[in-house]
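Undergrad: After the structure tokens below, expect a handful of questions from me.
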Amino acid sequence: MRSASVARVLALVVACVGLTATEQTLAQTRYQLPPKAIVDILDAKPLPTVSISPSRQQLALVDRASMPGIADLSQPMLRLAGTRINPKTNGPQRPPLATGISLKQIADGKTVKVVLAPGTRIEWIGFSPDSRRIAFTETRPGGIALWVADATTGAARSVTPARLDATLGSACAWVNASSLICKTVPATRGLPPKAPVAAEGPNIQENQGKAAPVSTYEDLLKTAHDEALFEYYFTSQLALVNAATGAMTPVGKPSIFAQATASPSGEYILVSRLKRPFSRLVPYSDFPKDVEIWSKAGTLVRAVADLPSNETVPMQGVPTGPREYTWNPMEPATLVWAEALDGGDLRNQAPHRDRLCVLQAPFTGQPTEWLKFEQRFQGIAWTSANIAIVTEFERAKRTRRAWVVDQGVARRAWQVSAEDRYKDPGRPVVKPRFGGGPAVIMQVADSIYLEGDGGSPQGDRPFLDRFNVKTFDTERLYQCEGERYETVAAVLADNGRTLLTRYETVKQPPNYLVRDLTKRTERAVTAFTDPAPQLSGVDRQVISYVRKDGVKLSGTLYLPPGYKKGERLPLVMWAYPREFTDPAMAGQVSGSPYRFTTYAGPSHMFFLTQGYAVLDDPSMPIVGPGETANDTYVDQLVASAQAAIDKVVEMGVADRDRIGVGGHSYGAFMTANLLAHSRLFRAGIARSGAYNRTLTPFGFQSEERTFWEIPEVYAKMSPFWYANAVKDPILLMHGEADNNSGTFPIQSERFYMALKGHGATVRYVTLPNEAHGYAARESVLHTLYEMVSWFDKYVKNAAPRAGGDR
């Protein structure tokens, strides 16, 4: 017996020894670690996130964990109607990363810490309208609870049981300075529906002759049991919560609330309630719904709309009937919404595509038409003087128009190409918002403020303008200069001369300071330190070059610490293609050479720790008039890559024979296409991509045309169709629970099989419990292990190619 057992063990050992190195690697099942330098940076405490109080006198500094663990991502998960929830908590399946809150006075820097138990996990955070309190939700193992803290002392207490419902967004929002409206788990809710022991029949879908083109969504309802689970977990009870006492007053009856927003007066509540029949083609946001106005006691005041499922809405279209409904924040109770006048379809000719309608309290009259738009309504916000800034968008020309609407009279303020970064007039500065509150544009006398990126051929130079809403005159108050990158976080003085800015340089992490434009002084408010000093010696520069067809291109080149001029390094090019209608716009420079570089997640920037140069986000514009850009996608892609390679080789920083390419999502799609249609790169890394466009037949990215309209373009753009042409090594990675439309894991699975079938050098790694973006510490570190190992082998240490292989 014993000798037989020994013989079997020896046989197994001999068999394992006989495995190839690749087969032994594939046999590993444990997570691996990248080089220690990468682990140390990722495990360092990240910079806090910052929010500003409505009073503009205080900052909330929110500490957060670097990454969750794989055990966190392995918590129970229900994938229902396009969402992912943890049935134990009635909230998002992925746990929150915020762990603590500090409150800092802007004037004197005095800081108090909100005292919380170790291990507290914070989801939603919001100042009260008067800034005297700050509320937040705590996610516990068995539920979600609301806390309220004194913004002066930091003293906090839990004000509700752990029975809040955050399945469809934040569970709570401030109504006024003393109360919040929250979604809670109904007190009468029983046990969850049990899955049938055996199937009770087939699952059937049917269409009765109506066109219903939809995107490819993940996590849709599939069975009657799914529908029962959705109804059970997503049904909530609205309640008004007293911030001081925690007293809860139920509002109305339980329902599935996609929206529940109190009017500015607090007397009414706008609700959007999802209802059956639930769709199995679209996520919950497109389900049938009733839009209603309730009293604060929960009685029905006015039915606004009974909306059907959006299954039949055309691609790039909008539903008919009221949409984008919102309260005017400057009036007690005035509801505004948009309605399509072209059937919601851009293919229909119409003198006006949209209109805005208004309905005022007490909501007994009929809605009135307020404005009409020749193009598609895009958005609306009001100033503190009740002047509306409304935007519309023309898809065909990629044109955005902004209108100033005062007392019902609309005047066009500007019209710009949405692709033109250099002429972008900026965005209206809004007052710091209270938790769950609306955006209100700051207006002083006849002027608002506009803050923008300040795109230019030299890179971004953020600015602040004063814009007169009567005369449309513009005055530049501030623009970032010198070797720094500084954006306006808040206008602290009404005259626009005192600002809270977010300041950073290549070597200094983002910090907040008060800038006095009159006195020309600055005062630091925060003093965050570099979480990755190991990479403080990285050199960064924006480079420009020209594609062979004359399109100007640019990218950001990073050189590792200790780089010696003239040394040729292995280089990683990491990119993401974008579509343009105008080649002049495609060539505009984006980004700034003076920004601080943050290293987080499975970033390609970690190659800098391993002696690589990195060309980050080199322009990969796909240019063509109207909807034709993708007709020459492959040719333009290869030409852009060739131009980028020629530039870094000409600069003397890269070795043409040691350049790798990579990307995530649409960047992975790009990577596979470059390897299928060129021999420019030694190897590639493609993470969470889509490779067969026939699996996204009703459009993808910015492509509006369907597979049946342009089958030859879909085929040419699909690297799956050219798997036999991929001659250089490619690493495929994918989250096993990818939740992104279009990038189902089967895309990588089938591409791998096609590559393997044609003898390609390919490795396929899937990450358990990971979605489109990888989050768990174990997954992130293993991803970087794979990436570094792959390029070390096939790029950095690759033998020179034979002359005919290029």
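Each chain in the structure tokens gets a letter, A, B and so on, in the order shown; residues start at 1 in every chain, and ligands are counted from 1 in the order they appear.
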For Glu704 in chain A, work out the shell of residues within 10 Å, counting only C-alpha atoms and skipping chain neighbours fewer than 4 positions away, then give it as a PyMOL selection string.
TA: chain A and resi 315-316+627-628+697-700
Undergrad: Which residues are close to Lys104 in chain A, i.e. within 10 Å by only C-alpha atoms, leaving aside same-chain residues fewer than 3 positions away? Reply as a PyMOL selection string.
TA: chain A and resi 52+57-61+101+107-113+151-152+525-526
Undergrad: Output C-alpha atoms for every residue in that selection, as an mmCIF file, in the first residue's frame.
TA:
data_model
loop_
_atom_site.group_PDB
_atom_site.id
_atom_site.type_symbol
_atom_site.label_atom_id
_atom_site.label_comp_id
_atom_site.auth_asym_id
_atom_site.auth_seq_id
_atom_site.Cartn_x
_atom_site.Cartn_y
_atom_site.Cartn_z
ATOM 1 C CA ILE A 52 -16.759 72.454 0.934
ATOM 2 C CA GLN A 57 -16.250 78.490 5.739
ATOM 3 C CA GLN A 58 -15.358 74.861 6.332
ATOM 4 C CA LEU A 59 -13.893 71.811 4.629
ATOM 5 C CA ALA A 60 -14.763 68.193 5.234
ATOM 6 C CA LEU A 61 -11.637 66.055 4.826
ATOM 7 C CA ILE A 101 -14.090 62.694 8.667
ATOM 8 C CA ALA A 107 -10.220 80.959 8.081
ATOM 9 C CA ASP A 108 -7.889 79.710 10.821
ATOM 10 C CA GLY A 109 -7.249 76.051 10.020
ATOM 11 C CA LYS A 110 -8.827 74.808 13.246
ATOM 12 C CA THR A 111 -9.667 71.148 12.808
ATOM 13 C CA VAL A 112 -11.935 68.786 14.691
ATOM 14 C CA LYS A 113 -12.261 65.079 14.060
ATOM 15 C CA ALA A 151 -19.869 70.665 12.392
ATOM 16 C CA THR A 152 -18.275 72.788 15.144
ATOM 17 C CA VAL A 525 -5.317 75.621 4.194
ATOM 18 C CA THR A 526 -4.191 71.997 3.910
#
Undergrad: Would you list the contacts of Ser53 in chain A as a list in words, taking every protein, DNA or RNA residue within 9 Å and counting only C-alpha atoms, but skipping same-chain residues closer than 6 positions in sequence?
TA: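 With the cut-off at 9 Å, the set is Leu59, Ala60, Gly126, Phe127, Ser128, Pro129, Asp130, Ser131, Pro432, Arg433 and Phe434 of chain A.
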Undergrad: From the set A:Gly591, A:Gly550, A:Gly689, A:Gly190, which residue has the shortest atom-to-atom contact distance to Asp460 in chain A, counting only C-alpha atoms?
TA: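 With only C-alpha atoms as the atom set, the closest residue is A:Gly591.
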Undergrad: Might you pull out every residue within 6 Å of range 656-668 of chain A, with only C-alpha atoms counted and same-chain residues fewer than 2 positions away left off, and present them as a PyMOL selection string?
TA: chain A and resi 570-576+670-671+681-689+795-796
Undergrad: Write down as a PyMOL selection string the residues belonging to range 78-213 of chain A that are assigned strand (DSSP E or B) by DSSP computed on the backbone.
TA: chain A and resi 78-80+83-86+91-92+98-105+111-113+122-127+133-140+143-150+156-158+164+172-176+179-184
Undergrad: Go ahead and write the selection's residues with C-alpha atoms as a short mmCIF file (atom, residue, chain, number, x, y, z; two decimals), in the first residue's frame.
TA:
data_model
loop_
_atom_site.label_atom_id
_atom_site.label_comp_id
_atom_site.auth_asym_id
_atom_site.auth_seq_id
_atom_site.Cartn_x
_atom_site.Cartn_y
_atom_site.Cartn_z
CA LEU A 78 -27.64 40.19 -6.19
CA ARG A 79 -27.37 41.36 -9.79
CA LEU A 80 -30.76 42.86 -10.57
CA THR A 83 -27.53 47.06 -10.27
CA ARG A 84 -25.51 45.08 -7.77
CA ILE A 85 -26.58 45.05 -4.16
CA ASN A 86 -25.66 43.31 -0.94
CA GLY A 91 -27.00 48.85 -0.24
CA PRO A 92 -24.28 48.64 -2.89
CA ALA A 98 -14.35 56.23 3.49
CA THR A 99 -13.23 55.65 7.06
CA GLY A 100 -13.16 59.01 8.83
CA ILE A 101 -14.09 62.69 8.67
CA SER A 102 -12.24 65.79 9.85
CA LEU A 103 -13.74 69.28 9.72
CA LYS A 104 -11.36 72.18 9.04
CA GLN A 105 -12.12 75.90 9.28
CA THR A 111 -9.67 71.15 12.81
CA VAL A 112 -11.93 68.79 14.69
CA LYS A 113 -12.26 65.08 14.06
CA ILE A 122 -18.92 55.67 5.50
CA GLU A 123 -20.96 55.86 2.31
CA TRP A 124 -22.81 59.17 1.79
CA ILE A 125 -21.68 62.48 3.33
CA GLY A 126 -23.52 65.81 3.20
CA PHE A 127 -23.50 69.17 4.97
CA ARG A 133 -24.32 69.81 10.79
CA ILE A 134 -22.87 67.11 8.62
CA ALA A 135 -24.73 63.87 8.01
CA PHE A 136 -23.35 60.58 6.79
CA THR A 137 -24.42 56.98 6.41
CA GLU A 138 -22.54 54.10 8.00
CA THR A 139 -22.54 50.69 6.33
CA ARG A 140 -22.61 47.91 8.90
CA GLY A 143 -27.54 47.34 7.38
CA ILE A 144 -27.03 51.06 6.83
CA ALA A 145 -27.57 53.74 9.52
CA LEU A 146 -27.71 57.54 9.44
CA TRP A 147 -25.40 59.63 11.62
CA VAL A 148 -25.43 63.37 12.25
CA ALA A 149 -22.41 65.30 13.55
CA ASP A 150 -22.04 68.82 14.92
CA ALA A 156 -21.69 62.61 16.28
CA ARG A 157 -24.42 60.14 17.00
CA SER A 158 -26.43 57.56 15.13
CA LEU A 164 -31.86 52.49 5.47
CA CYS A 172 -30.80 60.23 2.49
CA ALA A 173 -30.80 63.88 1.49
CA TRP A 174 -31.23 67.09 3.46
CA VAL A 175 -34.63 68.80 3.16
CA ASN A 176 -33.79 71.79 5.35
CA SER A 179 -34.52 67.33 8.67
CA LEU A 180 -33.66 64.81 6.02
CA ILE A 181 -35.69 62.60 3.74
CA CYS A 182 -34.56 58.98 3.76
CA LYS A 183 -35.48 55.71 2.13
CA THR A 184 -35.91 52.96 4.70
#
Undergrad: Can you work out which one of A:Ser279, A:Ser255, A:Gln366, A:Asn739 has the shortest atom-to-atom distance to Ala303 in chain A, counting only C-alpha atoms?
TA: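 Between A:Ser279, A:Ser255, A:Gln366, A:Asn739, the residue approaching Ala303 in chain A most closely is A:Gln366.
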